[in-house]
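The file structure_5.tsv contains TSV, C-alpha atoms and all ligand atoms:
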chain	number	residue	atom	x	y	z
A	742	MET	CA	6.15	1.82	19.92
A	743	SER	CA	2.55	0.76	19.96
A	744	GLU	CA	1.35	-2.69	19.14
A	745	PRO	CA	0.89	-3.64	15.48
A	746	VAL	CA	-2.62	-4.02	14.15
A	747	ILE	CA	-1.38	-5.89	11.07
A	748	SER	CA	1.72	-8.04	11.05
A	749	VAL	CA	2.76	-9.52	7.76
A	750	ARG	CA	5.14	-12.42	8.38
A	751	ASN	CA	7.38	-14.08	5.80
A	752	LEU	CA	4.84	-13.70	3.03
A	753	SER	CA	5.66	-15.28	-0.34
A	754	ILE	CA	3.28	-15.19	-3.29
A	755	ARG	CA	3.64	-16.59	-6.79
A	756	TYR	CA	1.51	-16.04	-9.88
A	757	ARG	CA	1.12	-19.01	-12.13
A	758	THR	CA	-0.40	-18.55	-15.55
A	759	ARG	CA	-0.31	-20.80	-18.57
A	760	GLU	CA	2.55	-18.73	-19.99
A	761	SER	CA	4.62	-17.82	-16.98
A	762	MET	CA	5.51	-17.99	-13.33
A	763	THR	CA	6.20	-14.86	-11.32
A	764	TYR	CA	7.60	-14.91	-7.82
A	765	ALA	CA	5.91	-11.60	-7.04
A	766	VAL	CA	6.41	-11.46	-3.28
A	767	ASP	CA	9.32	-13.13	-1.52
A	768	ASP	CA	9.60	-13.43	2.25
A	769	VAL	CA	8.03	-10.07	3.06
A	770	SER	CA	7.51	-9.04	6.68
A	771	PHE	CA	6.38	-5.75	8.18
A	772	ASP	CA	4.24	-4.32	10.97
A	773	LEU	CA	1.53	-1.72	10.62
A	774	GLU	CA	0.90	0.00	13.92
A	775	ARG	CA	-2.32	1.57	15.16
A	776	GLY	CA	-2.78	5.15	14.05
A	777	GLN	CA	0.26	5.02	11.80
A	778	ILE	CA	0.77	5.37	8.08
A	779	LEU	CA	3.12	2.80	6.62
A	780	THR	CA	4.02	3.35	2.98
A	781	LEU	CA	5.05	0.55	0.67
A	782	VAL	CA	7.14	2.13	-2.04
A	783	GLY	CA	8.91	0.74	-5.09
A	784	GLU	CA	8.96	0.64	-8.87
A	785	SER	CA	6.22	-0.85	-10.97
A	786	GLY	CA	6.12	-4.63	-10.65
A	787	SER	CA	7.89	-4.77	-7.28
A	788	GLY	CA	4.93	-6.55	-5.68
A	789	LYS	CA	3.24	-3.72	-3.77
A	790	SER	CA	-0.31	-4.39	-4.95
A	791	THR	CA	0.14	-8.11	-4.50
A	792	VAL	CA	1.00	-7.54	-0.83
A	793	GLY	CA	-1.92	-5.10	-0.45
A	794	MET	CA	-4.45	-7.43	-2.01
A	795	SER	CA	-3.28	-10.40	0.01
A	796	ILE	CA	-4.27	-8.70	3.26
A	797	LEU	CA	-7.95	-8.89	2.40
A	798	ARG	CA	-7.46	-12.03	0.33
A	799	LEU	CA	-8.44	-10.23	-2.85
A	800	LEU	CA	-5.73	-11.91	-4.92
A	801	PRO	CA	-6.74	-13.26	-8.32
A	802	GLN	CA	-7.10	-16.98	-8.82
A	803	GLU	CA	-3.69	-17.42	-10.44
A	804	ALA	CA	-1.96	-16.24	-7.24
A	805	ASP	CA	-0.69	-18.84	-4.78
A	806	VAL	CA	0.31	-17.85	-1.29
A	807	LEU	CA	3.37	-20.06	-0.88
A	808	SER	CA	3.98	-19.22	2.75
A	809	GLY	CA	3.48	-16.61	5.41
A	810	GLN	CA	0.89	-15.04	7.61
A	811	VAL	CA	-1.10	-11.83	7.80
A	812	LEU	CA	-1.88	-11.40	11.47
A	813	PHE	CA	-4.74	-9.08	12.37
A	814	ASP	CA	-5.32	-8.83	16.09
A	815	GLY	CA	-3.42	-12.09	16.39
A	816	THR	CA	-5.59	-13.96	13.82
A	817	ASP	CA	-4.04	-15.14	10.58
A	818	LEU	CA	-6.29	-13.73	7.86
A	819	LEU	CA	-4.76	-16.07	5.30
A	820	ALA	CA	-5.94	-19.08	7.28
A	821	LEU	CA	-9.48	-17.83	7.96
A	822	GLU	CA	-12.47	-19.36	6.26
A	823	ASP	CA	-14.24	-17.06	3.82
A	824	ARG	CA	-17.22	-17.03	6.13
A	825	ALA	CA	-15.12	-15.62	8.95
A	826	LEU	CA	-13.31	-13.12	6.74
A	827	ARG	CA	-16.42	-11.58	5.18
A	828	PRO	CA	-17.57	-9.61	8.23
A	829	LEU	CA	-14.08	-8.12	8.62
A	830	ARG	CA	-13.83	-6.99	5.02
A	831	GLY	CA	-15.04	-3.42	4.66
A	832	ARG	CA	-15.90	-3.21	8.32
A	833	ARG	CA	-12.63	-3.62	10.22
A	834	ILE	CA	-10.26	-3.56	7.25
A	835	ALA	CA	-11.09	-1.59	4.12
A	836	MET	CA	-9.41	-1.12	0.78
A	837	ILE	CA	-9.15	1.88	-1.54
A	838	PHE	CA	-7.96	1.31	-5.10
A	839	GLN	CA	-6.21	3.42	-7.68
A	840	ASP	CA	-9.14	3.69	-10.05
A	841	PRO	CA	-12.14	5.01	-8.15
A	842	VAL	CA	-14.47	4.86	-11.13
A	843	ALA	CA	-13.81	1.14	-11.62
A	844	GLY	CA	-14.56	0.57	-7.94
A	845	LEU	CA	-18.08	1.93	-8.28
A	846	ASN	CA	-21.02	0.31	-10.01
A	847	PRO	CA	-21.83	2.43	-13.09
A	848	VAL	CA	-25.56	1.72	-13.11
A	849	ILE	CA	-26.40	2.36	-9.44
A	850	ASP	CA	-26.58	5.85	-7.98
A	851	ILE	CA	-23.96	6.86	-5.43
A	852	GLY	CA	-26.37	7.14	-2.49
A	853	THR	CA	-27.65	3.60	-3.03
A	854	GLN	CA	-24.12	2.22	-3.28
A	855	VAL	CA	-23.10	3.80	0.02
A	856	ALA	CA	-26.39	2.71	1.63
A	857	GLU	CA	-25.94	-0.88	0.43
A	858	MET	CA	-22.53	-1.05	2.03
A	859	LEU	CA	-24.05	0.18	5.31
A	860	THR	CA	-26.96	-2.30	5.29
A	861	SER	CA	-24.63	-5.18	4.46
A	862	HIS	CA	-22.77	-4.65	7.73
A	863	LEU	CA	-25.23	-2.93	10.06
A	864	GLU	CA	-28.67	-3.86	11.33
A	865	ILE	CA	-30.37	-0.85	9.83
A	866	GLY	CA	-33.25	-0.35	7.39
A	867	LYS	CA	-32.96	1.06	3.88
A	868	LYS	CA	-34.38	4.43	4.80
A	869	GLU	CA	-31.95	5.00	7.64
A	870	ALA	CA	-29.09	3.78	5.45
A	871	LYS	CA	-29.99	6.32	2.75
A	872	ALA	CA	-30.00	9.10	5.30
A	873	ARG	CA	-26.67	7.97	6.72
A	874	ALA	CA	-25.22	7.76	3.23
A	875	ILE	CA	-25.71	11.51	2.89
A	876	ASP	CA	-23.74	12.03	6.11
A	877	VAL	CA	-20.97	9.79	4.79
A	878	LEU	CA	-20.71	11.90	1.63
A	879	ARG	CA	-20.71	15.12	3.62
A	880	GLU	CA	-17.97	13.83	5.90
A	881	VAL	CA	-15.58	13.24	3.02
A	882	GLY	CA	-15.91	16.86	2.03
A	883	LEU	CA	-18.34	16.54	-0.85
A	884	ALA	CA	-20.42	19.68	-1.21
A	885	GLU	CA	-24.09	19.12	-1.98
A	886	PRO	CA	-24.15	15.53	-0.71
A	887	THR	CA	-27.87	15.16	-1.41
A	888	ARG	CA	-27.37	15.91	-5.08
A	889	ILE	CA	-24.32	13.66	-5.25
A	890	ALA	CA	-26.23	10.80	-3.67
A	891	LYS	CA	-28.62	10.93	-6.61
A	892	SER	CA	-25.81	11.02	-9.18
A	893	TYR	CA	-24.22	8.16	-11.08
A	894	PRO	CA	-20.43	7.67	-11.13
A	895	PHE	CA	-20.03	8.97	-14.71
A	896	GLN	CA	-21.55	12.28	-13.61
A	897	LEU	CA	-18.75	12.87	-11.08
A	898	SER	CA	-15.07	13.72	-11.54
A	899	GLY	CA	-12.35	11.21	-10.66
A	900	GLY	CA	-11.57	13.12	-7.47
A	901	MET	CA	-15.21	13.08	-6.39
A	902	CYS	CA	-15.44	9.34	-7.08
A	903	GLN	CA	-12.32	8.79	-4.98
A	904	ARG	CA	-13.91	10.74	-2.13
A	905	VAL	CA	-16.96	8.51	-2.42
A	906	MET	CA	-14.67	5.46	-2.24
A	907	ILE	CA	-12.96	6.90	0.83
A	908	GLY	CA	-16.41	7.50	2.31
A	909	ILE	CA	-17.36	3.88	1.65
A	910	ALA	CA	-14.05	2.65	3.04
A	911	THR	CA	-14.22	4.73	6.20
A	912	ALA	CA	-17.93	4.88	7.03
A	913	LEU	CA	-17.70	2.00	9.46
A	914	ASN	CA	-14.53	3.24	11.15
A	915	PRO	CA	-12.26	0.42	10.10
A	916	GLU	CA	-9.12	-0.14	12.12
A	917	VAL	CA	-7.09	-0.57	8.94
A	918	ILE	CA	-7.23	0.92	5.47
A	919	VAL	CA	-5.17	-0.44	2.62
A	920	ALA	CA	-4.91	2.32	0.02
A	921	ASP	CA	-3.30	1.22	-3.25
A	922	GLU	CA	-2.09	4.28	-5.20
A	923	PRO	CA	-5.27	6.13	-4.18
A	924	THR	CA	-4.28	9.37	-5.87
A	925	SER	CA	-2.16	8.45	-8.86
A	926	ALA	CA	-5.11	8.74	-11.27
A	927	LEU	CA	-5.94	12.24	-10.01
A	928	ASP	CA	-4.51	15.64	-10.77
A	929	VAL	CA	-2.08	17.25	-8.36
A	930	THR	CA	-4.48	19.52	-6.45
A	931	VAL	CA	-7.04	16.77	-5.92
A	932	GLN	CA	-4.22	14.41	-4.96
A	933	ALA	CA	-3.20	16.75	-2.14
A	934	GLN	CA	-6.79	17.01	-0.89
A	935	ILE	CA	-7.30	13.24	-0.86
A	936	LEU	CA	-4.00	12.66	0.93
A	937	TYR	CA	-4.97	15.30	3.48
A	938	GLN	CA	-8.23	13.48	4.05
A	939	LEU	CA	-6.46	10.18	4.69
A	940	ASP	CA	-4.08	11.85	7.09
A	941	GLN	CA	-6.99	13.44	8.93
A	942	LEU	CA	-8.60	10.02	9.36
A	943	ARG	CA	-5.47	8.69	10.91
A	944	ARG	CA	-5.22	11.65	13.27
A	945	GLU	CA	-8.87	11.85	14.28
A	946	LYS	CA	-9.87	8.20	14.31
A	947	GLY	CA	-6.58	6.43	14.82
A	948	THR	CA	-7.00	4.45	11.61
A	949	ALA	CA	-3.88	2.57	10.56
A	950	ILE	CA	-3.16	3.04	6.87
A	951	LEU	CA	-1.05	0.94	4.55
A	952	LEU	CA	-0.40	3.40	1.75
A	953	ILE	CA	0.98	1.94	-1.48
A	954	THR	CA	2.77	4.37	-3.76
A	955	HIS	CA	5.62	4.62	-6.23
A	956	ASP	CA	6.11	8.28	-5.37
A	957	PHE	CA	8.69	9.22	-2.74
A	958	GLY	CA	7.12	12.67	-2.59
A	959	VAL	CA	3.96	11.06	-1.18
A	960	VAL	CA	6.12	9.04	1.20
A	961	ALA	CA	7.87	12.15	2.51
A	962	GLN	CA	4.58	13.93	3.03
A	963	MET	CA	2.52	11.13	4.56
A	964	ALA	CA	4.51	8.29	6.05
A	965	ASP	CA	5.42	7.45	9.60
A	966	ASP	CA	7.15	4.30	8.44
A	967	VAL	CA	8.36	3.11	5.07
A	968	ALA	CA	9.05	-0.26	3.53
A	969	VAL	CA	10.93	-0.09	0.23
A	970	MET	CA	10.23	-3.02	-2.09
A	971	TYR	CA	12.42	-4.27	-4.90
A	972	ALA	CA	11.59	-7.34	-6.97
A	973	GLY	CA	9.20	-8.75	-4.41
A	974	ARG	CA	11.35	-8.20	-1.35
A	975	VAL	CA	11.53	-5.49	1.29
A	976	VAL	CA	15.03	-4.06	0.93
A	977	GLU	CA	14.84	-1.29	3.51
A	978	SER	CA	12.42	-0.49	6.29
A	979	GLY	CA	12.10	2.00	9.09
A	980	GLY	CA	10.95	5.43	10.15
A	981	VAL	CA	10.49	7.93	7.36
A	982	ARG	CA	12.83	10.57	8.80
A	983	GLU	CA	15.72	8.19	9.30
A	984	MET	CA	15.24	6.75	5.85
A	985	LEU	CA	15.08	10.05	4.03
A	986	LYS	CA	18.01	11.40	5.99
A	987	SER	CA	20.22	8.36	5.70
A	988	PRO	CA	19.04	5.86	3.13
A	989	LEU	CA	21.11	2.69	3.40
A	990	HIS	CA	20.22	0.56	0.39
A	991	PRO	CA	21.71	1.46	-3.01
A	992	TYR	CA	18.22	1.05	-4.48
A	993	THR	CA	16.70	3.53	-2.04
A	994	HIS	CA	19.48	5.95	-2.93
A	995	ALA	CA	18.66	5.54	-6.59
A	996	LEU	CA	14.96	6.09	-5.93
A	997	LEU	CA	15.64	9.18	-3.85
A	998	GLY	CA	17.95	10.49	-6.52
A	999	THR	CA	14.92	10.53	-8.75
A	1000	LEU	CA	12.74	12.43	-6.30
A	1001	PRO	CA	10.86	15.19	-8.09
A	1002	ARG	CA	12.24	18.62	-7.34
A	1003	VAL	CA	10.37	20.96	-5.03
A	1004	ASP	CA	9.87	23.46	-7.82
A	1005	GLY	CA	7.87	20.81	-9.64
A	1006	ALA	CA	10.24	20.87	-12.61
A	1007	GLN	CA	10.26	17.10	-12.79
A	1008	ARG	CA	7.14	15.42	-11.52
A	1009	HIS	CA	7.70	11.96	-12.84
A	1010	LEU	CA	10.44	9.72	-11.61
A	1011	ARG	CA	13.43	9.49	-13.85
A	1012	GLN	CA	14.20	5.89	-14.73
A	1013	ILE	CA	16.90	4.17	-12.77
A	1014	PRO	CA	19.21	2.64	-15.39
A	1015	GLY	CA	18.53	-1.04	-16.07
A	1016	HIS	CA	15.38	-3.03	-15.47
A	1017	PRO	CA	13.91	-4.90	-12.56
A	1018	PRO	CA	14.31	-8.67	-13.02
A	1019	GLU	CA	11.70	-10.99	-14.50
A	1020	MET	CA	11.16	-12.95	-11.28
A	1021	ALA	CA	10.35	-16.17	-13.13
A	1022	GLU	CA	12.28	-18.03	-10.44
A	1023	ARG	CA	12.83	-17.47	-6.80
A	1024	ALA	CA	15.85	-15.17	-6.55
A	1025	GLU	CA	19.00	-16.95	-5.36
A	1026	ARG	CA	20.96	-13.71	-5.20
A	1027	CYS	CA	20.12	-10.09	-4.43
A	1028	ALA	CA	17.97	-9.02	-7.37
A	1029	PHE	CA	19.47	-5.52	-7.49
A	1030	ILE	CA	23.00	-6.68	-8.39
A	1031	PRO	CA	22.72	-5.90	-12.15
A	1032	ARG	CA	21.79	-2.30	-11.37
A	1033	CYS	CA	23.96	-1.83	-8.31
A	1034	GLY	CA	27.20	0.10	-8.27
A	1035	LYS	CA	28.22	-1.38	-4.91
A	1036	ALA	CA	27.82	-5.11	-5.46
A	1037	MET	CA	30.64	-7.21	-3.98
A	1038	ASN	CA	31.62	-10.87	-4.15
A	1039	VAL	CA	29.54	-11.65	-1.12
A	1040	CYS	CA	26.48	-10.34	-2.97
A	1041	ARG	CA	27.20	-12.52	-6.00
A	1042	ASN	CA	27.96	-15.65	-3.99
A	1043	THR	CA	25.40	-15.56	-1.21
A	1044	GLU	CA	21.64	-15.78	-1.02
A	1045	PRO	CA	19.72	-12.49	-0.78
A	1046	PRO	CA	20.30	-10.84	2.58
A	1047	GLY	CA	17.45	-10.44	5.06
A	1048	LEU	CA	16.72	-7.15	6.80
A	1049	MET	CA	19.34	-6.29	9.39
A	1050	GLN	CA	20.15	-3.21	11.39
A	1051	PRO	CA	23.76	-2.10	10.93
A	1052	GLU	CA	25.47	-0.95	14.08
A	1053	GLY	CA	24.71	2.70	14.68
A	1054	ALA	CA	21.81	2.70	12.25
A	1055	THR	CA	18.24	3.40	13.33
A	1056	HIS	CA	16.52	1.33	10.71
A	1057	ARG	CA	16.93	-1.89	8.79
A	1058	VAL	CA	18.32	-2.75	5.40
A	1059	ALA	CA	18.68	-5.93	3.35
A	1060	CYS	CA	22.13	-5.35	1.88
A	1061	TYR	CA	25.64	-6.74	2.41
A	1062	ASN	CA	27.20	-3.42	1.49
A	1063	PRO	CA	24.89	-0.61	2.59
A	1064	ILE	CA	25.75	3.03	2.05
A	1065	TRP	CA	27.05	4.59	5.23
A	1066	GLN	CA	27.53	8.24	4.46
A	1067	GLY	CA	24.82	9.37	6.87
A	1068	TRP	CA	26.61	7.82	9.80
A	1069	SER	CA	30.16	8.96	9.19
A	1070	SER	CA	29.20	12.57	9.97
A	1071	LYS	CA	27.86	11.66	13.43
B	1	LIG	N1	-2.70	-11.60	-12.23
B	1	LIG	C1	-1.40	-11.73	-12.47
B	1	LIG	N2	-0.91	-12.78	-13.18
B	1	LIG	C2	0.41	-12.93	-13.42
B	1	LIG	N3	1.34	-12.09	-12.96
B	1	LIG	C3	0.93	-11.02	-12.24
B	1	LIG	C4	-0.46	-10.78	-11.95
B	1	LIG	N4	-0.56	-9.64	-11.23
B	1	LIG	C5	0.68	-9.19	-11.06
B	1	LIG	N5	1.58	-10.01	-11.66
B	1	LIG	C6	3.06	-9.84	-11.66
B	1	LIG	O1	3.51	-9.82	-10.32
B	1	LIG	C7	4.54	-8.84	-10.13
B	1	LIG	C8	4.12	-7.87	-9.05
B	1	LIG	O2	2.98	-7.14	-9.50
B	1	LIG	P1	2.26	-6.04	-8.60
B	1	LIG	O3	1.06	-5.62	-9.35
B	1	LIG	O4	2.07	-6.55	-7.22
B	1	LIG	O5	3.36	-4.88	-8.59
B	1	LIG	P2	3.22	-3.35	-8.13
B	1	LIG	O6	4.41	-3.05	-7.30
B	1	LIG	O7	1.88	-3.13	-7.52
B	1	LIG	O8	3.33	-2.57	-9.52
B	1	LIG	P3	2.62	-1.19	-9.99
B	1	LIG	O9	3.43	-0.08	-9.37
B	1	LIG	O10	2.76	-1.24	-11.47
B	1	LIG	O11	1.21	-1.21	-9.53
B	1	LIG	C9	4.74	-8.20	-11.51
B	1	LIG	O12	5.82	-8.86	-12.13
B	1	LIG	C10	3.46	-8.50	-12.25
B	1	LIG	O13	3.68	-8.60	-13.63
B	2	MG	MG	0.27	-1.87	-8.03
Go ahead and render the structure in this file as structure tokens.
Amino acid sequence: MSEPVISVRNLSIRYRTRESMTYAVDDVSFDLERGQILTLVGESGSGKSTVGMSILRLLPQEADVLSGQVLFDGTDLLALEDRALRPLRGRRIAMIFQDPVAGLNPVIDIGTQVAEMLTSHLEIGKKEAKARAIDVLREVGLAEPTRIAKSYPFQLSGGMCQRVMIGIATALNPEVIVADEPTSALDVTVQAQILYQLDQLRREKGTAILLITHDFGVVAQMADDVAVMYAGRVVESGGVREMLKSPLHPYTHALLGTLPRVDGAQRHLRQIPGHPPEMAERAERCAFIPRCGKAMNVCRNTEPPGLMQPEGATHRVACYNPIWQGWSSK
């Protein structure tokens, strides 16, 4: 095991609006190691984006970080002054969002946008930045980079815009990329190309990637490690092979049961019966109980379990009654 480049420790985040409170992230911890892809996976509303945004402190105003740390090279990013965080953002840690078009400025041409990012972090002149911008576009596999540099976002497809965003995110060789559903707005072929590109970055440059997705197919294809989130908590975490082979948490089982078939017959996840909870209060019990077929008295009478590694298991689960079938055959 190599040393983590990002360590999230006991992170809890609440949204407070005039109408409601949402305990979106509750006591989340994980490590992202150098050169590894860690996927955060879970249903809509489980807190994945909130965790992702907190790393670069891009949370909206109504979010309060109640507790926890995001350690980057031993420094807590959540405790840094804005002034100290700014040079890291985009340079050592970069973010890629789901909607590439929204991430680009509609009235500035692509070449200028890439060049501006370069001049904001590097001591180079405009002319050199423009020239380098073309290289950046070429490196992310865009044919005719000179023409694309002169284009505006609306003149490009979603997939091309996402490549531009990956170019912007990776141009300065960041140590970490947080990619929040980077392909879910794109069609299947383009999705595969973009994922390939991210994987190549990891292999060639050793970039660590936190990949947020609700798609276990993407997890199976890309991840080294996985953290499964449910209602703001990590309910299972470990290496992707162990988890796919022997999922321990009833929720992970349910998610895997909805994995799209290889023949592509069912691309979208079937719904797991029931709904995730509202999270208007901090959960006093495991939030999966209403949807769980294995809940026991201990689940109903005890606070939510933390991650633990059952004897014989090779990864961790937050469940008092995990599913053991994988182990009995050993
Ligand atoms: N700005 C906000 N104000 C209030 N509540 C919010 C805000 N952003 C998110 N939430 C709530 O916080 C919870 C976690 O949201 P988050 O966007 O992190 O989930 P997610 O796992 O990324 O979901 P998705 O898969 O839909 O992107 C949800 O209940 C959501 O409604
Ligand atoms: Mg999200």
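Atom N1 of ligand LIG 1 (chain B) to CA of Glu803 (chain A) spans 6.2 Å [interatomic distance, one decimal].
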Shell of 8 Å around Ala912 (chain A), all atoms listed in the file, local chain residues under 4 positions omitted, as a PyMOL selection string = chain A and resi 859+877+908
So which residues are near ligand LIG 1 (chain B), meaning at most 10 Å away with all atoms listed in the file counted, given back as a PyMOL selection string?
-> chain A and resi 754-766+781-795+800-804+839+921-922+953-956+970-973+1017-1021
Using C-alpha atoms, can you export the residues from the last selection as a PDB file, in the frame of the given file?
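Listing of again18.pdb after writing:
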ATOM      1  CA  ILE A 754       3.280 -15.190  -3.290  1.00  0.00           C
ATOM      2  CA  ARG A 755       3.640 -16.590  -6.790  1.00  0.00           C
ATOM      3  CA  TYR A 756       1.510 -16.040  -9.880  1.00  0.00           C
ATOM      4  CA  ARG A 757       1.120 -19.010 -12.130  1.00  0.00           C
ATOM      5  CA  THR A 758      -0.400 -18.550 -15.550  1.00  0.00           C
ATOM      6  CA  ARG A 759      -0.310 -20.800 -18.570  1.00  0.00           C
ATOM      7  CA  GLU A 760       2.550 -18.730 -19.990  1.00  0.00           C
ATOM      8  CA  SER A 761       4.620 -17.820 -16.980  1.00  0.00           C
ATOM      9  CA  MET A 762       5.510 -17.990 -13.330  1.00  0.00           C
ATOM     10  CA  THR A 763       6.200 -14.860 -11.320  1.00  0.00           C
ATOM     11  CA  TYR A 764       7.600 -14.910  -7.820  1.00  0.00           C
ATOM     12  CA  ALA A 765       5.910 -11.600  -7.040  1.00  0.00           C
ATOM     13  CA  VAL A 766       6.410 -11.460  -3.280  1.00  0.00           C
ATOM     14  CA  LEU A 781       5.050   0.550   0.670  1.00  0.00           C
ATOM     15  CA  VAL A 782       7.140   2.130  -2.040  1.00  0.00           C
ATOM     16  CA  GLY A 783       8.910   0.740  -5.090  1.00  0.00           C
ATOM     17  CA  GLU A 784       8.960   0.640  -8.870  1.00  0.00           C
ATOM     18  CA  SER A 785       6.220  -0.850 -10.970  1.00  0.00           C
ATOM     19  CA  GLY A 786       6.120  -4.630 -10.650  1.00  0.00           C
ATOM     20  CA  SER A 787       7.890  -4.770  -7.280  1.00  0.00           C
ATOM     21  CA  GLY A 788       4.930  -6.550  -5.680  1.00  0.00           C
ATOM     22  CA  LYS A 789       3.240  -3.720  -3.770  1.00  0.00           C
ATOM     23  CA  SER A 790      -0.310  -4.390  -4.950  1.00  0.00           C
ATOM     24  CA  THR A 791       0.140  -8.110  -4.500  1.00  0.00           C
ATOM     25  CA  VAL A 792       1.000  -7.540  -0.830  1.00  0.00           C
ATOM     26  CA  GLY A 793      -1.920  -5.100  -0.450  1.00  0.00           C
ATOM     27  CA  MET A 794      -4.450  -7.430  -2.010  1.00  0.00           C
ATOM     28  CA  SER A 795      -3.280 -10.400   0.010  1.00  0.00           C
ATOM     29  CA  LEU A 800      -5.730 -11.910  -4.920  1.00  0.00           C
ATOM     30  CA  PRO A 801      -6.740 -13.260  -8.320  1.00  0.00           C
ATOM     31  CA  GLN A 802      -7.100 -16.980  -8.820  1.00  0.00           C
ATOM     32  CA  GLU A 803      -3.690 -17.420 -10.440  1.00  0.00           C
ATOM     33  CA  ALA A 804      -1.960 -16.240  -7.240  1.00  0.00           C
ATOM     34  CA  GLN A 839      -6.210   3.420  -7.680  1.00  0.00           C
ATOM     35  CA  ASP A 921      -3.300   1.220  -3.250  1.00  0.00           C
ATOM     36  CA  GLU A 922      -2.090   4.280  -5.200  1.00  0.00           C
ATOM     37  CA  ILE A 953       0.980   1.940  -1.480  1.00  0.00           C
ATOM     38  CA  THR A 954       2.770   4.370  -3.760  1.00  0.00           C
ATOM     39  CA  HIS A 955       5.620   4.620  -6.230  1.00  0.00           C
ATOM     40  CA  ASP A 956       6.110   8.280  -5.370  1.00  0.00           C
ATOM     41  CA  MET A 970      10.230  -3.020  -2.090  1.00  0.00           C
ATOM     42  CA  TYR A 971      12.420  -4.270  -4.900  1.00  0.00           C
ATOM     43  CA  ALA A 972      11.590  -7.340  -6.970  1.00  0.00           C
ATOM     44  CA  GLY A 973       9.200  -8.750  -4.410  1.00  0.00           C
ATOM     45  CA  PRO A1017      13.910  -4.900 -12.560  1.00  0.00           C
ATOM     46  CA  PRO A1018      14.310  -8.670 -13.020  1.00  0.00           C
ATOM     47  CA  GLU A1019      11.700 -10.990 -14.500  1.00  0.00           C
ATOM     48  CA  MET A1020      11.160 -12.950 -11.280  1.00  0.00           C
ATOM     49  CA  ALA A1021      10.350 -16.170 -13.130  1.00  0.00           C
TER      50      ALA A1021
END
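Reported to one decimal place, the separation of CA of Val746 (chain A) from CA of Arg873 (chain A) is 27.9 Å.
Ranking A:Thr930, A:Thr1043, A:Ser753, A:Ser925 by their shortest atom-to-atom distance to ligand MG 2 (chain B), with only C-alpha atoms and all ligand atoms included, puts A:Ser925 first.
Restricting the calculation to only C-alpha atoms and all ligand atoms, the smallest distance between ligand MG 2 (chain B) and any of A:Leu952, A:Leu897, A:Leu997, A:Val1058 is found for A:Leu952.
For the pair CA of Phe813 (chain A) and CA of Ile865 (chain A), the separation is 27.0 Å.
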Identify which of the residues A:Ile918, A:Ile747, A:Leu829, A:Ala843 lies closest to Gln810 (chain A), counting all atoms listed in the file when measuring atom-to-atom distances.
-> A:Ile747
Repair of region 907-915 of chain A at the level of N, CA, C and O atoms, as a JSON list (two decimals), in the frame of the given file:
[["chain", "number", "residue", "atom", "x", "y", "z"],
["A", 907, "ILE", "N", -13.50, 6.72, -0.52],
["A", 907, "ILE", "CA", -12.96, 6.90, 0.83],
["A", 907, "ILE", "C", -14.11, 6.89, 1.83],
["A", 907, "ILE", "O", -14.02, 6.31, 2.91],
["A", 908, "GLY", "N", -15.22, 7.52, 1.45],
["A", 908, "GLY", "CA", -16.41, 7.50, 2.31],
["A", 908, "GLY", "C", -16.86, 6.07, 2.58],
["A", 908, "GLY", "O", -17.10, 5.68, 3.72],
["A", 909, "ILE", "N", -16.93, 5.28, 1.50],
["A", 909, "ILE", "CA", -17.36, 3.88, 1.65],
["A", 909, "ILE", "C", -16.36, 3.11, 2.52],
["A", 909, "ILE", "O", -16.73, 2.34, 3.39],
["A", 910, "ALA", "N", -15.09, 3.38, 2.30],
["A", 910, "ALA", "CA", -14.05, 2.65, 3.04],
["A", 910, "ALA", "C", -14.03, 3.03, 4.52],
["A", 910, "ALA", "O", -13.67, 2.23, 5.37],
["A", 911, "THR", "N", -14.42, 4.27, 4.82],
["A", 911, "THR", "CA", -14.22, 4.73, 6.20],
["A", 911, "THR", "C", -15.50, 4.84, 7.01],
["A", 911, "THR", "O", -15.45, 5.08, 8.21],
["A", 912, "ALA", "N", -16.65, 4.64, 6.37],
["A", 912, "ALA", "CA", -17.93, 4.88, 7.03],
["A", 912, "ALA", "C", -18.08, 4.05, 8.31],
["A", 912, "ALA", "O", -18.70, 4.49, 9.27],
["A", 913, "LEU", "N", -17.50, 2.88, 8.31],
["A", 913, "LEU", "CA", -17.70, 2.00, 9.46],
["A", 913, "LEU", "C", -16.50, 2.04, 10.41],
["A", 913, "LEU", "O", -16.31, 1.14, 11.23],
["A", 914, "ASN", "N", -15.70, 3.10, 10.28],
["A", 914, "ASN", "CA", -14.53, 3.24, 11.15],
["A", 914, "ASN", "C", -13.64, 2.02, 11.20],
["A", 914, "ASN", "O", -13.39, 1.45, 12.27],
["A", 915, "PRO", "N", -13.13, 1.60, 10.08],
["A", 915, "PRO", "CA", -12.26, 0.42, 10.10],
["A", 915, "PRO", "C", -10.98, 0.72, 10.88],
["A", 915, "PRO", "O", -10.57, 1.87, 10.97]]
